[in-house]
Every structure is written in structure tokens, then in C-alpha cells.
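structure_10.txt, holding compact mmCIF, C-alpha atoms:
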# COMPACT_ATOMS: atom_id res chain seq x y z
CA MET A 1 0.00 0.00 0.00
CA THR A 2 1.04 3.63 -0.42
CA GLU A 3 2.46 5.61 2.45
CA ASN A 4 -0.80 7.54 2.86
CA ASP A 5 -2.85 4.37 3.04
CA GLN A 6 -0.62 2.79 5.69
CA GLY A 7 -2.19 5.07 8.27
CA ASN A 8 -5.62 3.53 7.69
CA VAL A 9 -5.24 0.56 9.97
CA PRO A 10 -8.11 -1.81 10.82
CA SER A 11 -10.81 -0.41 13.10
CA ARG A 12 -10.25 -3.28 15.53
CA GLN A 13 -7.15 -5.29 16.24
CA ARG A 14 -6.69 -7.98 13.61
CA LYS A 15 -3.65 -9.82 12.36
CA ARG A 16 -1.95 -8.60 9.22
CA PHE A 17 -0.20 -10.80 6.65
CA PRO A 18 2.73 -8.90 5.08
CA GLY A 19 3.69 -10.20 1.64
CA ILE A 20 1.11 -12.99 1.73
CA SER A 21 0.72 -14.92 -1.52
CA SER A 22 -2.74 -15.75 -2.78
CA ARG A 23 -1.53 -19.37 -2.73
CA ALA A 24 -2.04 -19.28 1.03
CA TYR A 25 -5.83 -19.26 0.74
CA GLU A 26 -6.59 -20.50 -2.76
CA HIS A 27 -8.68 -23.61 -3.21
CA PRO A 28 -6.47 -26.46 -4.56
CA ALA A 29 -8.27 -26.66 -7.93
CA ASP A 30 -8.22 -22.88 -8.33
CA ARG A 31 -4.58 -22.63 -7.29
CA SER A 32 -3.31 -25.36 -9.62
CA ALA A 33 -4.96 -23.72 -12.63
CA LEU A 34 -3.59 -20.26 -11.78
CA VAL A 35 -0.06 -21.49 -11.03
CA ALA A 36 0.02 -23.35 -14.36
CA LEU A 37 -1.10 -20.22 -16.23
CA ARG A 38 1.39 -17.97 -14.46
CA LYS A 39 4.26 -20.32 -15.29
CA LEU A 40 3.60 -20.06 -19.03
CA SER A 41 6.09 -17.61 -20.53
CA GLY A 42 4.34 -14.56 -21.97
CA PHE A 43 0.86 -15.89 -21.15
CA ASP A 44 -0.35 -12.65 -19.56
CA THR A 45 0.87 -10.60 -22.53
CA VAL A 46 -0.83 -12.81 -25.10
CA PHE A 47 -4.00 -13.12 -23.05
CA LYS A 48 -4.33 -9.37 -22.57
CA ALA A 49 -3.61 -8.78 -26.26
CA LEU A 50 -6.52 -11.05 -27.14
CA SER A 51 -8.56 -9.40 -24.41
CA GLY A 52 -7.95 -6.02 -26.07
CA LEU A 53 -11.11 -6.68 -28.03
CA LEU A 54 -13.14 -6.34 -24.86
CA PRO A 55 -14.71 -2.96 -24.07
CA GLU A 56 -12.95 -2.38 -20.75
CA ARG A 57 -12.78 1.41 -21.15
CA SER A 58 -16.52 1.39 -21.78
CA LEU A 59 -17.00 -0.70 -18.64
CA ARG A 60 -15.02 1.72 -16.49
CA LEU A 61 -16.85 4.74 -17.91
CA LEU A 62 -20.17 3.00 -17.25
CA PHE A 63 -19.48 2.59 -13.54
CA LEU A 64 -17.95 6.06 -13.31
CA SER A 65 -21.04 7.64 -14.88
CA ASP A 66 -23.85 5.54 -13.45
CA SER A 67 -22.64 4.33 -10.02
CA VAL A 68 -21.27 5.94 -6.86
CA ARG A 69 -17.51 5.76 -6.38
CA VAL A 70 -16.49 4.91 -2.84
CA SER A 71 -14.18 7.48 -1.26
CA ASP A 72 -13.67 9.50 1.90
CA ALA A 73 -16.54 11.69 0.69
CA GLN A 74 -18.93 8.92 -0.39
CA PHE A 75 -19.64 5.70 1.54
CA SER A 76 -16.67 6.50 3.75
CA HIS A 77 -17.27 3.45 5.97
CA LEU A 78 -16.87 1.21 2.90
CA ASN A 79 -13.73 3.10 1.95
CA ASP A 80 -12.30 2.36 5.41
CA MET A 81 -13.20 -1.32 5.02
CA LEU A 82 -11.54 -1.43 1.62
CA ARG A 83 -8.34 0.11 2.93
CA ASP A 84 -8.44 -2.20 5.93
CA ALA A 85 -8.75 -5.25 3.68
CA CYS A 86 -5.86 -4.13 1.50
CA TYR A 87 -3.83 -3.43 4.65
CA VAL A 88 -4.48 -6.90 6.12
CA LEU A 89 -3.73 -8.74 2.85
CA ASP A 90 -0.91 -6.30 2.00
CA LEU A 91 -2.35 -5.40 -1.41
CA GLU A 92 -0.13 -2.56 -2.58
CA LYS A 93 -2.64 -0.62 -4.71
CA VAL A 94 -6.16 -0.07 -3.40
CA PRO A 95 -8.60 -0.86 -6.25
CA PRO A 96 -11.45 1.56 -6.99
CA MET A 97 -14.80 0.48 -5.59
CA TYR A 98 -18.30 1.46 -6.74
CA VAL A 99 -21.80 1.06 -5.36
CA ALA A 100 -24.38 0.25 -8.03
CA GLN A 101 -28.15 0.50 -7.64
CA ASP A 102 -29.46 -3.06 -7.79
CA PRO A 103 -31.85 -4.70 -5.32
CA LYS A 104 -30.19 -8.08 -5.85
CA PRO A 105 -27.37 -8.65 -3.30
CA ASN A 106 -24.16 -9.06 -5.27
CA ALA A 107 -20.51 -8.07 -5.42
CA MET A 108 -17.87 -8.58 -8.09
CA CYS A 109 -14.27 -7.83 -8.97
CA ILE A 110 -13.74 -7.18 -12.68
CA GLY A 111 -11.25 -5.48 -14.98
CA LEU A 112 -8.39 -6.47 -17.28
CA ASP A 113 -5.61 -3.97 -16.64
CA GLU A 114 -6.67 -3.08 -13.10
CA PRO A 115 -9.39 -4.60 -10.91
CA ILE A 116 -12.60 -2.76 -10.05
CA ILE A 117 -14.82 -3.80 -7.15
CA VAL A 118 -18.57 -3.31 -7.45
CA LEU A 119 -21.10 -3.72 -4.62
CA THR A 120 -24.87 -3.54 -5.07
CA THR A 121 -27.23 -1.54 -2.88
CA GLY A 122 -29.09 -4.77 -2.16
CA LEU A 123 -25.97 -6.15 -0.52
CA LEU A 124 -25.37 -2.98 1.54
CA GLU A 125 -28.91 -3.09 2.90
CA LEU A 126 -28.61 -6.78 3.77
CA LEU A 127 -25.33 -7.06 5.69
CA ASP A 128 -24.02 -5.55 8.91
CA GLU A 129 -20.52 -4.09 9.29
CA GLU A 130 -18.62 -7.29 10.09
CA GLU A 131 -20.48 -9.28 7.44
CA MET A 132 -19.71 -6.59 4.88
CA ARG A 133 -16.07 -6.57 5.95
CA ALA A 134 -15.86 -10.26 4.98
CA VAL A 135 -17.42 -9.48 1.59
CA VAL A 136 -14.98 -6.64 0.91
CA GLY A 137 -12.13 -8.96 1.91
CA HIS A 138 -13.60 -11.58 -0.43
CA GLU A 139 -13.38 -9.13 -3.37
CA VAL A 140 -9.88 -7.96 -2.41
CA GLY A 141 -8.92 -11.65 -2.39
CA HIS A 142 -10.17 -11.88 -5.98
CA ALA A 143 -8.01 -8.86 -6.86
CA LEU A 144 -4.90 -10.31 -5.17
CA SER A 145 -5.39 -13.64 -6.96
CA GLY A 146 -5.77 -11.99 -10.38
CA HIS A 147 -9.30 -13.34 -10.83
CA SER A 148 -10.72 -10.09 -12.25
CA VAL A 149 -9.31 -10.74 -15.73
CA TYR A 150 -11.01 -14.11 -16.09
CA ARG A 151 -14.22 -12.86 -14.48
CA THR A 152 -14.39 -10.08 -17.08
CA ILE A 153 -13.88 -12.59 -19.90
CA LEU A 154 -16.64 -14.74 -18.43
CA LEU A 155 -19.08 -11.82 -18.29
CA PHE A 156 -18.27 -10.86 -21.88
CA LEU A 157 -18.63 -14.40 -23.23
CA THR A 158 -21.89 -14.95 -21.33
CA GLY A 159 -23.34 -11.89 -23.04
CA LEU A 160 -21.92 -12.94 -26.39
CA ALA A 161 -23.45 -16.42 -26.06
CA VAL A 162 -26.90 -14.83 -25.79
CA LYS A 163 -26.31 -12.66 -28.88
CA VAL A 164 -25.19 -15.54 -31.13
CA ALA A 165 -27.64 -18.12 -29.80
CA TRP A 166 -29.61 -17.95 -33.07
CA ILE A 167 -26.57 -18.98 -35.17
CA PRO A 168 -26.47 -22.78 -35.79
CA LEU A 169 -23.56 -24.24 -33.79
CA GLY A 170 -22.31 -20.71 -33.12
CA ASN A 171 -23.33 -20.94 -29.50
CA VAL A 172 -21.85 -24.40 -28.89
CA ALA A 173 -18.16 -23.41 -28.86
CA ILE A 174 -18.78 -20.29 -26.77
CA MET A 175 -20.88 -22.16 -24.21
CA ALA A 176 -18.15 -24.80 -23.89
CA ILE A 177 -15.70 -22.05 -22.87
CA VAL A 178 -18.29 -20.39 -20.62
CA THR A 179 -19.00 -23.70 -18.87
CA ALA A 180 -15.28 -24.26 -18.26
CA LEU A 181 -14.84 -20.71 -16.97
CA ARG A 182 -17.84 -21.07 -14.68
CA GLU A 183 -16.40 -24.25 -13.22
CA TRP A 184 -13.11 -22.45 -12.51
CA PHE A 185 -14.95 -19.40 -11.15
CA ARG A 186 -16.99 -21.48 -8.71
CA LYS A 187 -13.69 -22.77 -7.31
CA SER A 188 -12.33 -19.22 -7.18
CA GLU A 189 -15.32 -18.19 -5.06
CA LEU A 190 -14.29 -20.74 -2.44
CA SER A 191 -10.81 -19.19 -2.48
CA ALA A 192 -12.18 -15.67 -2.09
CA ASP A 193 -14.40 -16.77 0.82
CA ARG A 194 -11.19 -17.81 2.58
CA ALA A 195 -9.63 -14.42 1.84
CA GLY A 196 -12.72 -12.76 3.32
CA LEU A 197 -12.24 -14.77 6.51
CA LEU A 198 -8.57 -13.75 6.71
CA VAL A 199 -9.62 -10.11 6.43
CA GLY A 200 -12.61 -10.21 8.79
CA GLN A 201 -11.17 -12.84 11.13
CA ASP A 202 -14.69 -13.55 12.35
CA VAL A 203 -16.03 -16.91 11.13
CA GLN A 204 -19.47 -16.23 12.62
CA ALA A 205 -19.78 -13.03 10.59
CA SER A 206 -18.83 -14.92 7.43
CA MET A 207 -21.45 -17.58 8.22
CA ARG A 208 -24.11 -14.96 8.89
CA GLY A 209 -23.38 -13.21 5.61
CA LEU A 210 -23.81 -16.42 3.62
CA MET A 211 -27.04 -17.23 5.48
CA LYS A 212 -28.44 -13.77 4.68
CA ILE A 213 -27.53 -14.16 1.00
CA ALA A 214 -29.51 -17.42 1.03
CA GLY A 215 -32.46 -16.40 3.23
CA GLY A 216 -32.59 -12.61 3.37
CA ASN A 217 -32.49 -10.23 6.31
CA HIS A 218 -34.24 -12.51 8.81
CA LEU A 219 -31.28 -13.48 10.96
CA HIS A 220 -33.47 -13.93 14.04
CA GLU A 221 -35.24 -16.74 12.19
CA MET A 222 -32.04 -18.55 11.15
CA ASN A 223 -29.42 -20.70 12.86
CA VAL A 224 -25.84 -21.37 11.75
CA ASP A 225 -25.79 -25.01 12.88
CA ALA A 226 -29.09 -25.74 11.14
CA PHE A 227 -27.82 -24.00 8.00
CA LEU A 228 -24.68 -26.13 7.97
CA ALA A 229 -26.84 -29.23 8.56
CA GLN A 230 -28.58 -28.38 5.28
CA ALA A 231 -25.24 -28.62 3.48
CA ASP A 232 -24.63 -32.05 5.00
CA GLU A 233 -28.12 -33.20 4.04
CA TYR A 234 -27.66 -31.85 0.51
CA GLU A 235 -24.40 -33.72 0.07
CA LYS A 236 -25.57 -37.14 1.26
CA SER A 237 -29.25 -37.10 0.26
CA GLY A 238 -30.85 -38.98 -2.60
CA ASP A 239 -29.57 -41.56 -5.03
CA LEU A 240 -27.53 -41.42 -8.24
CA ARG A 241 -30.33 -39.58 -10.03
CA ASP A 242 -30.12 -36.80 -7.45
CA SER A 243 -26.34 -36.64 -7.89
CA VAL A 244 -26.80 -36.02 -11.60
CA LEU A 245 -29.45 -33.37 -10.88
CA LYS A 246 -27.03 -31.61 -8.52
CA ILE A 247 -24.50 -31.36 -11.34
CA LEU A 248 -27.11 -30.05 -13.78
CA ASN A 249 -28.37 -27.52 -11.23
CA VAL A 250 -24.93 -26.04 -10.59
CA LEU A 251 -23.73 -25.85 -14.23
CA PRO A 252 -25.45 -22.55 -15.13
CA ARG A 253 -24.35 -20.87 -11.87
CA SER A 254 -21.33 -18.63 -11.43
CA HIS A 255 -21.26 -19.25 -7.67
CA PRO A 256 -21.42 -22.44 -5.61
CA PHE A 257 -24.56 -22.97 -3.53
CA THR A 258 -24.47 -20.91 -0.33
CA THR A 259 -24.84 -23.89 2.04
CA VAL A 260 -21.90 -25.56 0.29
CA ARG A 261 -19.82 -22.38 0.58
CA ALA A 262 -20.62 -22.12 4.29
CA ALA A 263 -19.66 -25.74 4.94
CA GLU A 264 -16.41 -25.40 2.96
CA LEU A 265 -15.44 -22.21 4.80
CA LYS A 266 -16.27 -23.64 8.23
CA LYS A 267 -14.17 -26.72 7.45
CA TRP A 268 -11.21 -24.58 6.34
CA SER A 269 -11.52 -22.31 9.41
CA GLU A 270 -10.98 -25.38 11.60
CA SER A 271 -8.06 -26.71 9.55
CA ARG A 272 -4.37 -26.72 10.36
CA ASP A 273 -3.69 -24.67 7.19
CA PHE A 274 -5.82 -21.79 8.48
CA GLN A 275 -4.21 -21.88 11.91
CA ARG A 276 -0.73 -21.81 10.37
CA ILE A 277 -1.64 -18.66 8.42
CA MET A 278 -3.01 -17.02 11.57
CA ASP A 279 0.25 -17.95 13.32
CA GLY A 280 2.21 -16.12 10.61
CA HIS A 281 3.37 -19.13 8.58
CA TYR A 282 2.22 -18.75 4.98
CA PRO A 283 3.59 -18.63 1.40
CA LYS A 284 5.02 -15.27 0.34
CA ARG A 285 4.54 -13.48 -2.98
CA SER A 286 8.31 -13.31 -3.34
CA GLU A 287 8.29 -17.11 -3.64
CA ASP A 288 5.57 -17.32 -6.32
CA LYS A 289 8.04 -17.53 -9.18
CA ASP A 290 9.58 -20.65 -7.64
CA THR A 291 6.25 -22.44 -7.27
CA SER A 292 6.25 -25.94 -8.74
CA VAL A 293 3.41 -26.66 -11.16
CA THR A 294 3.85 -30.37 -10.50
CA ASP A 295 3.51 -29.94 -6.74
CA SER A 296 0.44 -27.78 -7.22
CA PHE A 297 -1.29 -30.35 -9.41
CA ARG A 298 -0.30 -33.11 -6.99
CA GLU A 299 -1.85 -31.18 -4.13
CA SER A 300 -5.00 -30.59 -6.19
CA ALA A 301 -5.20 -34.30 -7.06
CA GLY A 302 -4.76 -35.19 -3.39
CA HIS A 303 -7.58 -32.83 -2.47
CA TYR A 304 -9.93 -34.46 -4.95
CA ALA A 305 -8.92 -37.92 -3.77
CA ASP A 306 -9.80 -36.89 -0.21
CA THR A 307 -13.07 -35.35 -1.43
CA VAL A 308 -14.10 -38.55 -3.19
CA ARG A 309 -13.09 -40.70 -0.22
CA THR A 310 -14.93 -38.64 2.41
CA SER A 311 -17.91 -37.49 0.32
CA LYS A 312 -21.39 -38.64 1.31
CA ASP A 313 -22.78 -38.00 -2.17
CA PRO A 314 -24.01 -41.27 -3.76
CA LEU A 315 -22.19 -40.63 -7.04
CA MET A 316 -18.91 -39.77 -5.31
CA LYS A 317 -19.21 -42.86 -3.11
CA LEU A 318 -19.72 -44.97 -6.24
CA VAL A 319 -16.63 -43.38 -7.84
CA GLY A 320 -14.65 -44.13 -4.68
CA ASP A 321 -15.87 -47.73 -4.58
CA ILE A 322 -14.96 -48.23 -8.25
CA ALA A 323 -11.53 -46.67 -7.75
CA GLY A 324 -10.93 -48.77 -4.66
CA GLY A 325 -12.02 -51.91 -6.46
CA ALA A 326 -9.72 -51.10 -9.34
CA GLY A 327 -6.82 -50.60 -6.92
CA ASP A 328 -7.50 -53.93 -5.21
CA LEU A 329 -7.74 -55.65 -8.60
CA ALA A 330 -4.47 -54.10 -9.77
CA GLY A 331 -2.70 -55.14 -6.58
CA ASP A 332 -4.03 -58.70 -6.82
CA LEU A 333 -3.09 -58.93 -10.51
CA GLY A 334 0.42 -57.60 -9.80
CA GLY A 335 0.88 -60.20 -7.08
CA ARG A 336 -0.25 -63.02 -9.33
CA LEU A 337 2.16 -61.91 -12.08
CA ARG A 338 5.08 -61.77 -9.66
CA ASN A 339 4.20 -65.22 -8.39
CA ARG A 340 4.02 -66.61 -11.87
CA PHE A 341 7.14 -65.06 -13.41
CA GLY A 342 9.18 -64.58 -10.25
CA THR A 343 11.63 -61.93 -9.12
CA GLY A 344 14.35 -64.27 -7.90
CA GLN A 345 12.46 -64.78 -4.64
CA GLY A 346 10.55 -67.81 -3.40
CA PRO A 347 6.76 -68.08 -3.40
CA ARG A 348 6.57 -67.37 0.37
CA LYS A 349 8.51 -64.11 -0.04
CA ALA A 350 6.41 -63.13 -3.05
CA ASP A 351 3.21 -63.62 -1.05
CA ALA A 352 4.51 -61.40 1.71
CA ASP A 353 5.50 -58.74 -0.81
CA ASP A 354 2.08 -58.89 -2.43
CA GLU A 355 0.37 -58.26 0.85
CA GLY A 356 2.67 -55.39 1.75
CA THR A 357 2.47 -53.83 -1.70
CA THR A 358 -1.30 -53.86 -1.75
CA GLY A 359 -1.48 -52.16 1.63
CA THR A 360 1.08 -49.51 0.66
CA GLN A 361 -0.57 -48.83 -2.65
CA ASP A 362 -3.93 -48.33 -0.99
CA GLY A 363 -2.31 -45.95 1.46
CA ARG A 364 -0.79 -43.86 -1.31
CA SER A 365 -3.99 -43.70 -3.33
CA GLU A 366 -5.84 -42.39 -0.29
CA ALA A 367 -3.29 -39.67 0.55

Before anything else, please render the file you have as C-alpha cells.
Amino acid sequence: MTENDQGNVPSRQRKRFPGISSRAYEHPADRSALVALRKLSGFDTVFKALSGLLPERSLRLLFLSDSVRVSDAQFSHLNDMLRDACYVLDLEKVPPMYVAQDPKPNAMCIGLDEPIIVLTTGLLELLDEEEMRAVVGHEVGHALSGHSVYRTILLFLTGLAVKVAWIPLGNVAIMAIVTALREWFRKSELSADRAGLLVGQDVQASMRGLMKIAGGNHLHEMNVDAFLAQADEYEKSGDLRDSVLKILNVLPRSHPFTTVRAAELKKWSESRDFQRIMDGHYPKRSEDKDTSVTDSFRESAGHYADTVRTSKDPLMKLVGDIAGGAGDLAGDLGGRLRNRFGTGQGPRKADADDEGTTGTQDGRSEA
């Protein structure tokens, strides 16, 4: 942050994370995709050259002319929150933020060259100060992660898909890209929720905000534990048909379902990774260039393996059972082949090796 902004410290005592890398809070699937893109030589240059076709200047002028820019003179409490969030996450340049008239609660971080944060009036009227602080931190997390570029592309392509829907096959290719971007963006929302928690450092406020987005401004009628129980019921309910319907329901959405987001955030808030960050142990931006793409993908694969293994969803349980059966079959087949063709060891030794190998292999596949 600039020297002038450094004086705007958080309104209550919260931990700050100097030099924190977005890798510290990014969801494994989100992080692996971003690390891979950042490692490609000249990717940003080429991508932004292609993105030059997008009307970013028009977008900035639109918000400047038809929304209220947050500053010390306008929505000063939001301006303080924005500076606080940038201070906590050590974002050097404070992005401009606008309030747009829209009764639907929403917030977004867009822009190609520089991020812009937009909050709707519906959101301001819905959330209290600590809940809003988590949302502002959420959007600053998007900015720190570089999500605004891809979010802008997604918005543009979504609009384009509607315009060319009448052209035979013209919409198919665009919707394929939009679907892929939406899948990435849903993962990025989970990352940004974590950033919001790091900024607000109040898990109950984050939970309340998600409940209000789902059920409106009736907090006295809602309960965090019951809300999280909905997420658990959603995950494990139904049969394979319901699992397919869940996938179809989420495909057109840019955000994950709110109960799922709440459950994911609560789980992360209780994890060792979160506690390490709060204790001051986290990846630094200065180390980003040395990040291993292979390690990132391995971590992402491990996350999905854990998700499949622990999921209560019928489809995921079936996938886990099939994968486990395949592993057992492979181990048994390997043992039979070693018994038949030999490795210079007697049958008794081969049997022992088979048993040990199968156990070890299962252990690795579960890690």
C-alpha cells in the first residue's frame, strides 16, 4: 500500500499478513490452474492482447457515470473497510470500488488492466458491518489472486453467447468455454471466501453473511448449525439420479450454492492450514516464481482424492468404490504376475510382498 494508506489501519485489532501470496488461501483446484497459467512464458501478454477486443474502457466509464464511487466523501465506511482489507492482505494498490443500484445482493471484482470492485445496494442493505467486511475482503482476495481478468472474460462471453444463440452451432463453442470458466470461477469463489475470513477474522460473521444471501435479512429466524446441517443433508441425500441433478443444477451458476460455501469455509476455518496462516506461517509473494506446477497439481489431485473418499454424495461414493475396487484388482493382478514369473524370490517371499504392496498402494492412493 502507499504511504498515505498505511495510516488507515483496521478499526479493531486484527492480524496482518505482510507479503502474503494468494496461494495461502486459494482452493487447490483454483490454485493449480492459476499457477500453471502464471508459469507459461508470456501468457499474460498474449491473453491481454486477445482481451484487447473487450470494451474495458466502456465498462469503467459505465461505472464512473452511473454508479457511486467509494471514497472518503462517499460511503466513507466502505472506503475504510476497503483500505483495511488491503492493509491486512498487503495489497499494494487499493482498487477503486463502486456502489451500483441493484436490489439483488451481489458483489464482483472485474477489470483487465486493473481490478474494479462493485457492490450492489441490495448487498449494503442486507449485511451488517462485520459481514460486509468479509465481503470486501472476499473481493480484495479476488483482486490479489488476479481473478478479475477471467471474471471479465466470463461476463463478456456470457453476453456474447446470448447474442449468437440464433446462429447454428455458433453458440456451442462459446458455451463450452463459458462452462469451463464457470467451473473455474466457482472454485475461485471458495478461495475468495477464505480471503474474506482472513480479512474479517470472524467466522461467525462470514457464516451470517452467507445465510443472509440465502435467506434474506431474517437473521433472528435462522441458525448457523441448522444452516450447515442443510449442506450435510444436501451432500448425502438422494440416489444417483439426485447426484446427476445436482450437477445439472450447478452448471449454469457462477457461484457455488451458499450452504456448500458455508460448509467449505467452516471446514477450512478449523483446519491446520488456516491456523498456520493465523500464526504467521504462509507462502510469500516473493516465492511465487519458484512455485512448482507439479507440486500444485499433486496437491490438487490429493484434495480431490480426499473429497471422493470422504464425500457422502451417492455418485462420489460410487466413484470411490470403483476406484478402490480397481486398486485392489491391480494389486491382486500384480501379485499373481510376480508369483508366476518370479523376481528371484521364493513363493513365500512373493506372497509377503504382495500383501505389503497392496497395503502400501492403498495408502498412497488415499493420501

Interatomic distance between atom CA of Gly19 of chain A and atom CA of Arg194 of chain A?
->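 Here the two named atoms are 16.7 Å from each other.
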
Could you jot down the atom CA of Met207 of chain A to atom CA of Asn223 of chain A separation for me, Å, one decimal place?
->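 Atom CA of Asn223 of chain A lies 9.7 Å from atom CA of Met207 of chain A.
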
Selected residue, from A:Arg208, A:Ser76, A:Arg133, A:Thr152, that lies nearest to Glu221 of chain A when counting all atoms listed in the file =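 Distance minimum relative to Glu221 of chain A lands on A:Arg208.
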
Tell me, in Å to one decimal, how far atom CA of Lys15 of chain A is from atom CA of Val88 of chain A.
-> 6.9 Å

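For the residues A:Tyr282, A:Phe227, A:Tyr87, A:Phe185, ranking by smallest atom-to-atom distance to Gly200 of chain A using all atoms listed in the file places A:Tyr87 first.
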
Quick one: residues within 12 Å of Leu91 of chain A, all atoms listed in the file counted, chain neighbours fewer than 4 positions away excluded, as a ChimeraX atom specification?
-> /A:1-2,5-6,16-22,82-87,95,115,137,139-146,199,285

Find the residues around Asn217 of chain A up to 9 Å (all atoms listed in the file counted), leave out those fewer than 6 positions away in its own chain, and share them as an MDAnalysis selection string.
-> chainID A and resid 125:127 211

Out of A:Ala263, A:Ile277, A:Leu181, A:Ala134, which residue has the shortest atom-to-atom distance to Tyr150 of chain A when counting all atoms listed in the file?
-> A:Leu181
